[in-house]
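Structure file upload.pdb with PDB, C-alpha atoms:
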MODEL        1
ATOM      1  CA  GLY A  17      94.819 303.413  84.639  1.00  0.00           C
ATOM      2  CA  LEU A  18      96.463 300.850  82.360  1.00  0.00           C
ATOM      3  CA  MET A  19      99.953 301.990  83.393  1.00  0.00           C
ATOM      4  CA  LEU A  20      99.047 301.540  87.063  1.00  0.00           C
ATOM      5  CA  GLU A  21      97.631 298.087  86.370  1.00  0.00           C
ATOM      6  CA  ASP A  22     100.799 297.131  84.522  1.00  0.00           C
ATOM      7  CA  HIS A  23     102.928 298.413  87.408  1.00  0.00           C
ATOM      8  CA  VAL A  24     100.944 296.425  89.983  1.00  0.00           C
ATOM      9  CA  ARG A  25     101.013 293.323  87.796  1.00  0.00           C
ATOM     10  CA  TYR A  26     104.789 293.596  87.360  1.00  0.00           C
ATOM     11  CA  PHE A  27     105.297 294.192  91.082  1.00  0.00           C
ATOM     12  CA  ARG A  28     103.231 291.144  92.017  1.00  0.00           C
ATOM     13  CA  LEU A  29     105.037 289.024  89.453  1.00  0.00           C
ATOM     14  CA  ARG A  30     108.428 289.961  90.903  1.00  0.00           C
ATOM     15  CA  ARG A  31     107.197 289.213  94.416  1.00  0.00           C
ATOM     16  CA  GLN A  32     105.815 285.847  93.304  1.00  0.00           C
ATOM     17  CA  VAL A  33     109.173 284.960  91.785  1.00  0.00           C
ATOM     18  CA  ARG A  34     110.916 285.901  95.012  1.00  0.00           C
ATOM     19  CA  LEU A  35     108.395 283.848  97.009  1.00  0.00           C
ATOM     20  CA  CYS A  36     109.106 280.767  94.890  1.00  0.00           C
ATOM     21  CA  GLU A  37     112.857 281.251  95.192  1.00  0.00           C
ATOM     22  CA  LYS A  38     112.750 281.611  98.983  1.00  0.00           C
ATOM     23  CA  THR A  39     110.425 278.625  99.346  1.00  0.00           C
ATOM     24  CA  ARG A  40     112.725 276.510  97.205  1.00  0.00           C
ATOM     25  CA  GLU A  41     115.685 277.685  99.292  1.00  0.00           C
ATOM     26  CA  PHE A  42     113.992 276.680 102.556  1.00  0.00           C
ATOM     27  CA  LEU A  43     113.033 273.269 101.183  1.00  0.00           C
ATOM     28  CA  THR A  44     116.530 272.689  99.805  1.00  0.00           C
ATOM     29  CA  ASP A  45     118.076 273.602 103.143  1.00  0.00           C
ATOM     30  CA  ALA A  46     115.731 271.103 104.800  1.00  0.00           C
ATOM     31  CA  GLY A  47     116.785 268.448 102.296  1.00  0.00           C
ATOM     32  CA  VAL A  48     113.252 267.434 101.325  1.00  0.00           C
ATOM     33  CA  THR A  49     111.358 266.917  98.089  1.00  0.00           C
ATOM     34  CA  PRO A  50     108.181 269.029  98.159  1.00  0.00           C
ATOM     35  CA  ARG A  51     104.699 267.574  98.021  1.00  0.00           C
ATOM     36  CA  ALA A  52     101.684 269.165  96.347  1.00  0.00           C
ATOM     37  CA  VAL A  53     100.164 271.935  98.459  1.00  0.00           C
ATOM     38  CA  PRO A  54      96.348 272.035  98.744  1.00  0.00           C
ATOM     39  CA  LEU A  55      94.887 274.901  96.709  1.00  0.00           C
ATOM     40  CA  LYS A  56      93.088 276.294  99.774  1.00  0.00           C
ATOM     41  CA  LEU A  57      96.556 277.004 101.194  1.00  0.00           C
ATOM     42  CA  LEU A  58      98.536 277.646  98.036  1.00  0.00           C
ATOM     43  CA  ILE A  59      96.304 280.332  96.516  1.00  0.00           C
ATOM     44  CA  PRO A  60      95.966 282.595  99.597  1.00  0.00           C
ATOM     45  CA  ILE A  61      99.701 282.296 100.311  1.00  0.00           C
ATOM     46  CA  ILE A  62     100.606 283.393  96.783  1.00  0.00           C
ATOM     47  CA  GLU A  63      97.966 286.138  96.789  1.00  0.00           C
ATOM     48  CA  ASN A  64      99.091 287.637 100.095  1.00  0.00           C
ATOM     49  CA  ALA A  65     102.813 287.140  99.583  1.00  0.00           C
ATOM     50  CA  SER A  66     102.714 288.817  96.176  1.00  0.00           C
ATOM     51  CA  LEU A  67     101.296 291.952  97.826  1.00  0.00           C
ATOM     52  CA  GLU A  68     103.829 291.980 100.657  1.00  0.00           C
ATOM     53  CA  GLU A  69     106.487 294.681 100.291  1.00  0.00           C
ATOM     54  CA  ASP A  70     108.365 293.755 103.465  1.00  0.00           C
ATOM     55  CA  ASP A  71     110.971 291.069 102.703  1.00  0.00           C
ATOM     56  CA  ASP A  72     110.993 289.799 106.288  1.00  0.00           C
ATOM     57  CA  LEU A  73     107.247 289.229 106.216  1.00  0.00           C
ATOM     58  CA  GLN A  74     107.356 287.670 102.777  1.00  0.00           C
ATOM     59  CA  ASP A  75     109.987 285.273 104.069  1.00  0.00           C
ATOM     60  CA  ILE A  76     107.428 284.152 106.668  1.00  0.00           C
ATOM     61  CA  TRP A  77     104.899 283.477 103.902  1.00  0.00           C
ATOM     62  CA  ALA A  78     107.595 281.463 102.132  1.00  0.00           C
ATOM     63  CA  ARG A  79     108.280 279.468 105.285  1.00  0.00           C
ATOM     64  CA  LEU A  80     104.572 278.712 105.651  1.00  0.00           C
ATOM     65  CA  LEU A  81     104.492 277.540 102.056  1.00  0.00           C
ATOM     66  CA  ALA A  82     107.595 275.416 102.653  1.00  0.00           C
ATOM     67  CA  THR A  83     105.990 273.976 105.780  1.00  0.00           C
ATOM     68  CA  ALA A  84     102.898 273.018 103.812  1.00  0.00           C
ATOM     69  CA  ALA A  85     105.027 271.509 101.029  1.00  0.00           C
ATOM     70  CA  ASP A  86     107.306 269.494 103.340  1.00  0.00           C
ATOM     71  CA  PRO A  87     106.126 265.849 103.368  1.00  0.00           C
ATOM     72  CA  THR A  88     108.273 265.100 106.428  1.00  0.00           C
ATOM     73  CA  ASN A  89     106.495 267.728 108.523  1.00  0.00           C
ATOM     74  CA  LYS A  90     103.836 265.687 110.301  1.00  0.00           C
ATOM     75  CA  ALA A  91     103.459 267.617 113.535  1.00  0.00           C
ATOM     76  CA  ILE A  92     102.838 271.094 112.158  1.00  0.00           C
ATOM     77  CA  GLU A  93     100.691 272.083 109.214  1.00  0.00           C
ATOM     78  CA  ALA A  94     100.184 275.534 107.731  1.00  0.00           C
ATOM     79  CA  VAL A  95      96.443 275.746 108.278  1.00  0.00           C
ATOM     80  CA  PRO A  96      94.218 278.523 106.890  1.00  0.00           C
ATOM     81  CA  SER A  97      93.860 280.077 110.352  1.00  0.00           C
ATOM     82  CA  TYR A  98      97.607 280.797 110.395  1.00  0.00           C
ATOM     83  CA  LEU A  99      97.279 282.588 107.077  1.00  0.00           C
ATOM     84  CA  ALA A 100      94.439 284.766 108.345  1.00  0.00           C
ATOM     85  CA  VAL A 101      96.503 285.831 111.366  1.00  0.00           C
ATOM     86  CA  LEU A 102      99.706 286.500 109.428  1.00  0.00           C
ATOM     87  CA  ARG A 103      97.786 288.736 107.040  1.00  0.00           C
ATOM     88  CA  GLU A 104      96.875 290.984 110.006  1.00  0.00           C
ATOM     89  CA  LEU A 105     100.288 291.183 111.672  1.00  0.00           C
ATOM     90  CA  SER A 106     103.051 293.720 111.136  1.00  0.00           C
ATOM     91  CA  SER A 107     106.687 292.830 110.600  1.00  0.00           C
ATOM     92  CA  ASN A 108     107.563 294.009 114.122  1.00  0.00           C
ATOM     93  CA  GLU A 109     104.841 291.855 115.670  1.00  0.00           C
ATOM     94  CA  VAL A 110     106.132 288.764 113.880  1.00  0.00           C
ATOM     95  CA  LYS A 111     109.724 289.564 114.877  1.00  0.00           C
ATOM     96  CA  PHE A 112     108.716 289.991 118.508  1.00  0.00           C
ATOM     97  CA  LEU A 113     106.856 286.654 118.560  1.00  0.00           C
ATOM     98  CA  ASN A 114     109.841 284.920 117.011  1.00  0.00           C
ATOM     99  CA  ALA A 115     112.240 286.518 119.513  1.00  0.00           C
ATOM    100  CA  TRP A 116     109.950 285.454 122.376  1.00  0.00           C
ATOM    101  CA  TYR A 117     110.051 281.874 121.095  1.00  0.00           C
ATOM    102  CA  GLU A 118     113.823 282.152 120.758  1.00  0.00           C
ATOM    103  CA  THR A 119     114.130 282.711 124.519  1.00  0.00           C
ATOM    104  CA  PHE A 120     113.189 279.068 125.049  1.00  0.00           C
ATOM    105  CA  VAL A 121     115.812 277.961 122.541  1.00  0.00           C
ATOM    106  CA  GLY A 122     118.428 280.172 124.169  1.00  0.00           C
ATOM    107  CA  ASN A 123     117.623 279.007 127.695  1.00  0.00           C
ATOM    108  CA  THR A 124     117.877 275.335 126.780  1.00  0.00           C
ATOM    109  CA  PRO A 125     121.010 274.930 124.619  1.00  0.00           C
ATOM    110  CA  GLY A 126     121.222 271.659 122.777  1.00  0.00           C
ATOM    111  CA  VAL A 127     117.520 270.963 123.163  1.00  0.00           C
ATOM    112  CA  THR A 128     115.597 270.799 119.894  1.00  0.00           C
ATOM    113  CA  GLU A 129     112.249 269.465 121.112  1.00  0.00           C
ATOM    114  CA  PHE A 130     109.794 271.503 123.134  1.00  0.00           C
ATOM    115  CA  SER A 131     106.334 270.619 124.322  1.00  0.00           C
ATOM    116  CA  ARG A 132     103.691 273.278 123.823  1.00  0.00           C
ATOM    117  CA  ALA A 133     102.758 272.920 127.501  1.00  0.00           C
ATOM    118  CA  TYR A 134     106.312 273.814 128.559  1.00  0.00           C
ATOM    119  CA  ILE A 135     106.125 277.039 126.563  1.00  0.00           C
ATOM    120  CA  THR A 136     102.523 278.026 127.309  1.00  0.00           C
ATOM    121  CA  ASP A 137     103.001 277.477 131.058  1.00  0.00           C
ATOM    122  CA  SER A 138     105.826 280.043 131.098  1.00  0.00           C
ATOM    123  CA  ARG A 139     104.595 283.487 132.112  1.00  0.00           C
ATOM    124  CA  PHE A 140     106.503 286.699 131.472  1.00  0.00           C
ATOM    125  CA  ILE A 141     106.037 290.076 133.112  1.00  0.00           C
ATOM    126  CA  LEU A 142     106.555 293.306 131.181  1.00  0.00           C
ATOM    127  CA  GLY A 143     109.985 293.777 132.703  1.00  0.00           C
ATOM    128  CA  GLU A 144     111.046 290.467 131.150  1.00  0.00           C
ATOM    129  CA  LEU A 145     109.370 291.061 127.785  1.00  0.00           C
ATOM    130  CA  LEU A 146     110.793 294.564 127.423  1.00  0.00           C
ATOM    131  CA  PRO A 147     114.370 293.546 126.481  1.00  0.00           C
ATOM    132  CA  ILE A 148     112.997 290.933 124.066  1.00  0.00           C
ATOM    133  CA  TYR A 149     110.862 293.631 122.469  1.00  0.00           C
ATOM    134  CA  THR A 150     113.529 296.323 122.231  1.00  0.00           C
ATOM    135  CA  ALA A 151     116.068 293.865 120.774  1.00  0.00           C
ATOM    136  CA  SER A 152     113.728 292.520 118.110  1.00  0.00           C
ATOM    137  CA  VAL A 153     111.794 295.488 116.716  1.00  0.00           C
ATOM    138  CA  VAL A 154     112.500 298.855 115.151  1.00  0.00           C
ATOM    139  CA  ILE A 155     111.426 301.554 117.608  1.00  0.00           C
ATOM    140  CA  ARG A 156     110.818 305.126 116.517  1.00  0.00           C
ATOM    141  CA  TYR A 157     110.824 307.602 119.379  1.00  0.00           C
ATOM    142  CA  GLN A 158     108.602 310.652 119.073  1.00  0.00           C
ATOM    143  CA  GLY A 159     108.340 313.853 121.043  1.00  0.00           C
ATOM    144  CA  VAL A 160     110.883 315.890 122.959  1.00  0.00           C
ATOM    145  CA  GLY A 161     111.759 315.037 126.533  1.00  0.00           C
ATOM    146  CA  ASP A 162     109.708 311.866 126.566  1.00  0.00           C
ATOM    147  CA  SER A 163     111.063 308.901 128.476  1.00  0.00           C
ATOM    148  CA  HIS A 164     112.289 306.245 126.060  1.00  0.00           C
ATOM    149  CA  VAL A 165     111.349 303.569 128.574  1.00  0.00           C
ATOM    150  CA  GLU A 166     107.806 304.835 128.938  1.00  0.00           C
ATOM    151  CA  ILE A 167     107.329 305.120 125.185  1.00  0.00           C
ATOM    152  CA  THR A 168     108.737 301.646 124.667  1.00  0.00           C
ATOM    153  CA  VAL A 169     106.506 300.140 127.349  1.00  0.00           C
ATOM    154  CA  GLU A 170     103.473 301.803 125.805  1.00  0.00           C
ATOM    155  CA  ASN A 171     104.404 300.370 122.410  1.00  0.00           C
ATOM    156  CA  LEU A 172     104.974 296.930 123.901  1.00  0.00           C
ATOM    157  CA  ALA A 173     101.642 297.019 125.728  1.00  0.00           C
ATOM    158  CA  ALA A 174      99.868 298.042 122.521  1.00  0.00           C
ATOM    159  CA  MET A 175     101.557 295.218 120.601  1.00  0.00           C
ATOM    160  CA  LEU A 176     100.624 292.678 123.286  1.00  0.00           C
ATOM    161  CA  ALA A 177      97.006 293.838 123.080  1.00  0.00           C
ATOM    162  CA  VAL A 178      97.031 293.069 119.346  1.00  0.00           C
ATOM    163  CA  LEU A 179      98.537 289.636 119.933  1.00  0.00           C
ATOM    164  CA  VAL A 180      95.981 288.874 122.655  1.00  0.00           C
ATOM    165  CA  ARG A 181      93.196 289.850 120.263  1.00  0.00           C
ATOM    166  CA  HIS A 182      94.518 287.333 117.729  1.00  0.00           C
ATOM    167  CA  SER A 183      94.646 284.591 120.399  1.00  0.00           C
ATOM    168  CA  LEU A 184      98.429 284.338 120.124  1.00  0.00           C
ATOM    169  CA  VAL A 185      99.056 285.541 123.682  1.00  0.00           C
ATOM    170  CA  THR A 186      97.201 285.172 126.989  1.00  0.00           C
ATOM    171  CA  LYS A 187      97.075 288.061 129.459  1.00  0.00           C
ATOM    172  CA  PHE A 188      96.974 287.455 133.219  1.00  0.00           C
ATOM    173  CA  VAL A 189      95.877 290.523 135.202  1.00  0.00           C
ATOM    174  CA  ASP A 190      97.018 291.343 138.758  1.00  0.00           C
ATOM    175  CA  ASP A 191      99.461 288.463 138.938  1.00  0.00           C
ATOM    176  CA  GLU A 192     101.126 289.787 142.102  1.00  0.00           C
ATOM    177  CA  SER A 193     102.711 286.445 142.968  1.00  0.00           C
ATOM    178  CA  ILE A 194     104.798 286.349 139.818  1.00  0.00           C
ATOM    179  CA  VAL A 195     105.966 289.930 140.337  1.00  0.00           C
ATOM    180  CA  ARG A 196     107.040 289.220 143.921  1.00  0.00           C
ATOM    181  CA  ALA A 197     108.864 286.061 142.846  1.00  0.00           C
ATOM    182  CA  ARG A 198     110.941 287.722 140.132  1.00  0.00           C
ATOM    183  CA  PRO A 199     113.198 290.770 140.426  1.00  0.00           C
ATOM    184  CA  LEU A 200     112.224 293.174 137.686  1.00  0.00           C
ATOM    185  CA  ALA A 201     114.623 293.540 134.798  1.00  0.00           C
ATOM    186  CA  SER A 202     113.670 297.214 134.494  1.00  0.00           C
ATOM    187  CA  SER A 203     111.701 299.916 136.253  1.00  0.00           C
ATOM    188  CA  VAL A 204     108.474 298.493 134.850  1.00  0.00           C
ATOM    189  CA  ASN A 205     106.417 297.577 137.912  1.00  0.00           C
ATOM    190  CA  ASP A 206     103.279 295.971 136.537  1.00  0.00           C
ATOM    191  CA  PRO A 207     101.531 292.902 138.005  1.00  0.00           C
ATOM    192  CA  THR A 208     100.320 291.821 134.577  1.00  0.00           C
ATOM    193  CA  SER A 209     101.893 288.732 133.045  1.00  0.00           C
ATOM    194  CA  TYR A 210     101.663 287.165 129.596  1.00  0.00           C
ATOM    195  CA  SER A 211     102.201 283.766 128.030  1.00  0.00           C
ATOM    196  CA  LEU A 212     102.122 282.401 124.515  1.00  0.00           C
ATOM    197  CA  THR A 213      98.966 280.442 123.780  1.00  0.00           C
ATOM    198  CA  ASP A 214      98.892 276.938 122.345  1.00  0.00           C
ATOM    199  CA  PHE A 215      97.756 278.434 119.045  1.00  0.00           C
ATOM    200  CA  GLY A 216     100.480 281.065 119.291  1.00  0.00           C
ATOM    201  CA  VAL A 217     103.217 278.471 119.731  1.00  0.00           C
ATOM    202  CA  MET A 218     101.951 276.440 116.784  1.00  0.00           C
ATOM    203  CA  PHE A 219     101.691 279.598 114.667  1.00  0.00           C
ATOM    204  CA  ILE A 220     105.277 280.641 115.432  1.00  0.00           C
ATOM    205  CA  ALA A 221     106.569 277.128 114.852  1.00  0.00           C
ATOM    206  CA  ALA A 222     104.856 276.947 111.464  1.00  0.00           C
ATOM    207  CA  CYS A 223     106.254 280.358 110.510  1.00  0.00           C
ATOM    208  CA  ARG A 224     109.736 279.143 111.487  1.00  0.00           C
ATOM    209  CA  GLY A 225     109.344 275.876 109.597  1.00  0.00           C
ATOM    210  CA  CYS A 226     109.859 274.096 112.916  1.00  0.00           C
ATOM    211  CA  LYS A 227     108.955 270.412 113.259  1.00  0.00           C
ATOM    212  CA  THR A 228     109.724 269.915 116.918  1.00  0.00           C
ATOM    213  CA  VAL A 229     106.815 271.412 118.880  1.00  0.00           C
ATOM    214  CA  ALA A 230     104.409 268.698 119.919  1.00  0.00           C
TER
ENDMDL
END
What would the structure in this file look like if it were written as structure tokens?
Amino acid sequence: GLMLEDHVRYFRLRRQVRLCEKTREFLTDAGVTPRAVPLKLLIPIIENASLEEDDDLQDIWARLLATAADPTNKAIEAVPSYLAVLRELSSNEVKFLNAWYETFVGNTPGVTEFSRAYITDSRFILGELLPIYTASVVIRYQGVGDSHVEITVENLAAMLAVLVRHSLVTKFVDDESIVRARPLASSVNDPTSYSLTDFGVMFIAACRGCKTVA
């Protein structure tokens, strides 16, 4: 019992050290002097980040901490609701959200400011989300003779259901007009479309340390 407690304590200590180092790195890169972070944000970030084994996810916790500590960041604050959502998400789900957001950056080179309305008004069908998903997450295929496309679509649909449940994504059912207007990027023929919610955009921006979504 004591050995296990010591192991957990040592593990959490190492993860806390890494969290502090990554947060300091993000703040240094931003060229800002940190401000004091409210305890209601600081304590849950440290608690959750010290239990996180996935470096990619812990980096997100560090970015949220850096966002909260950045005195120049007026538009976006790391609020407790973001922390509650991040605690429930997997690394793949966070990577997919970030890659989805990146499509707006990639489609508008040189533009650094986005309105939330511009992003939330953009709907995507499964055929458009599929390449974003497959490029951003680690997919493990199971079974013999199964279609990789079908398995991937099922995984994507399951992930989207999770993101809808957390109010990060909105689902539009039977959106035939959007399907007719856009040639499908794959064989996925589904009239359902999805968009990032206002909360979802703010959540992603805070996780990225972004200051330019208004």
Matched chain/residue IDs from the PyMOL selection byres ((chain A and resi 71) around 12), as a PyMOL selection string: chain A and resi 31-32+34-35+38+65-70+72-78+106-107
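CA of Ala173 (chain A) sits 20.8 Å away from CA of Arg103 (chain A).
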Å distance separating CA of Ala221 (chain A) from CA of Asn171 (chain A), one decimal place: 24.5 Å
Chain and number of each residue from the PyMOL selection byres ((chain A and resi 43) around 12), as a VMD selection string: chain A and resid 36 to 42 44 to 51 78 to 89 225
What would the file look like if the residues just selected were written as a PDB file, in the coordinates of the input with C-alpha atoms?
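Printed below is out_22.pdb as written:
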ATOM      1  CA  CYS A  36     109.106 280.767  94.890  1.00  0.00           C
ATOM      2  CA  GLU A  37     112.857 281.251  95.192  1.00  0.00           C
ATOM      3  CA  LYS A  38     112.750 281.611  98.983  1.00  0.00           C
ATOM      4  CA  THR A  39     110.425 278.625  99.346  1.00  0.00           C
ATOM      5  CA  ARG A  40     112.725 276.510  97.205  1.00  0.00           C
ATOM      6  CA  GLU A  41     115.685 277.685  99.292  1.00  0.00           C
ATOM      7  CA  PHE A  42     113.992 276.680 102.556  1.00  0.00           C
ATOM      8  CA  THR A  44     116.530 272.689  99.805  1.00  0.00           C
ATOM      9  CA  ASP A  45     118.076 273.602 103.143  1.00  0.00           C
ATOM     10  CA  ALA A  46     115.731 271.103 104.800  1.00  0.00           C
ATOM     11  CA  GLY A  47     116.785 268.448 102.296  1.00  0.00           C
ATOM     12  CA  VAL A  48     113.252 267.434 101.325  1.00  0.00           C
ATOM     13  CA  THR A  49     111.358 266.917  98.089  1.00  0.00           C
ATOM     14  CA  PRO A  50     108.181 269.029  98.159  1.00  0.00           C
ATOM     15  CA  ARG A  51     104.699 267.574  98.021  1.00  0.00           C
ATOM     16  CA  ALA A  78     107.595 281.463 102.132  1.00  0.00           C
ATOM     17  CA  ARG A  79     108.280 279.468 105.285  1.00  0.00           C
ATOM     18  CA  LEU A  80     104.572 278.712 105.651  1.00  0.00           C
ATOM     19  CA  LEU A  81     104.492 277.540 102.056  1.00  0.00           C
ATOM     20  CA  ALA A  82     107.595 275.416 102.653  1.00  0.00           C
ATOM     21  CA  THR A  83     105.990 273.976 105.780  1.00  0.00           C
ATOM     22  CA  ALA A  84     102.898 273.018 103.812  1.00  0.00           C
ATOM     23  CA  ALA A  85     105.027 271.509 101.029  1.00  0.00           C
ATOM     24  CA  ASP A  86     107.306 269.494 103.340  1.00  0.00           C
ATOM     25  CA  PRO A  87     106.126 265.849 103.368  1.00  0.00           C
ATOM     26  CA  THR A  88     108.273 265.100 106.428  1.00  0.00           C
ATOM     27  CA  ASN A  89     106.495 267.728 108.523  1.00  0.00           C
ATOM     28  CA  GLY A 225     109.344 275.876 109.597  1.00  0.00           C
TER      29      GLY A 225
END
Residue IDs satisfying the PyMOL selection byres ((chain A and resi 184-189) around 7), as a CSV table (one decimal) with C-alpha atoms, in the frame of the given file:
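The resulting part.csv:
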chain,number,residue,atom,x,y,z
A,179,LEU,CA,98.5,289.6,119.9
A,180,VAL,CA,96.0,288.9,122.7
A,182,HIS,CA,94.5,287.3,117.7
A,183,SER,CA,94.6,284.6,120.4
A,190,ASP,CA,97.0,291.3,138.8
A,191,ASP,CA,99.5,288.5,138.9
A,207,PRO,CA,101.5,292.9,138.0
A,208,THR,CA,100.3,291.8,134.6
A,209,SER,CA,101.9,288.7,133.0
A,210,TYR,CA,101.7,287.2,129.6
A,211,SER,CA,102.2,283.8,128.0
A,212,LEU,CA,102.1,282.4,124.5
A,213,THR,CA,99.0,280.4,123.8
A,215,PHE,CA,97.8,278.4,119.0
A,216,GLY,CA,100.5,281.1,119.3
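For the pair CA of Leu58 (chain A) and CA of Glu21 (chain A), the interatomic distance is 23.6 Å.
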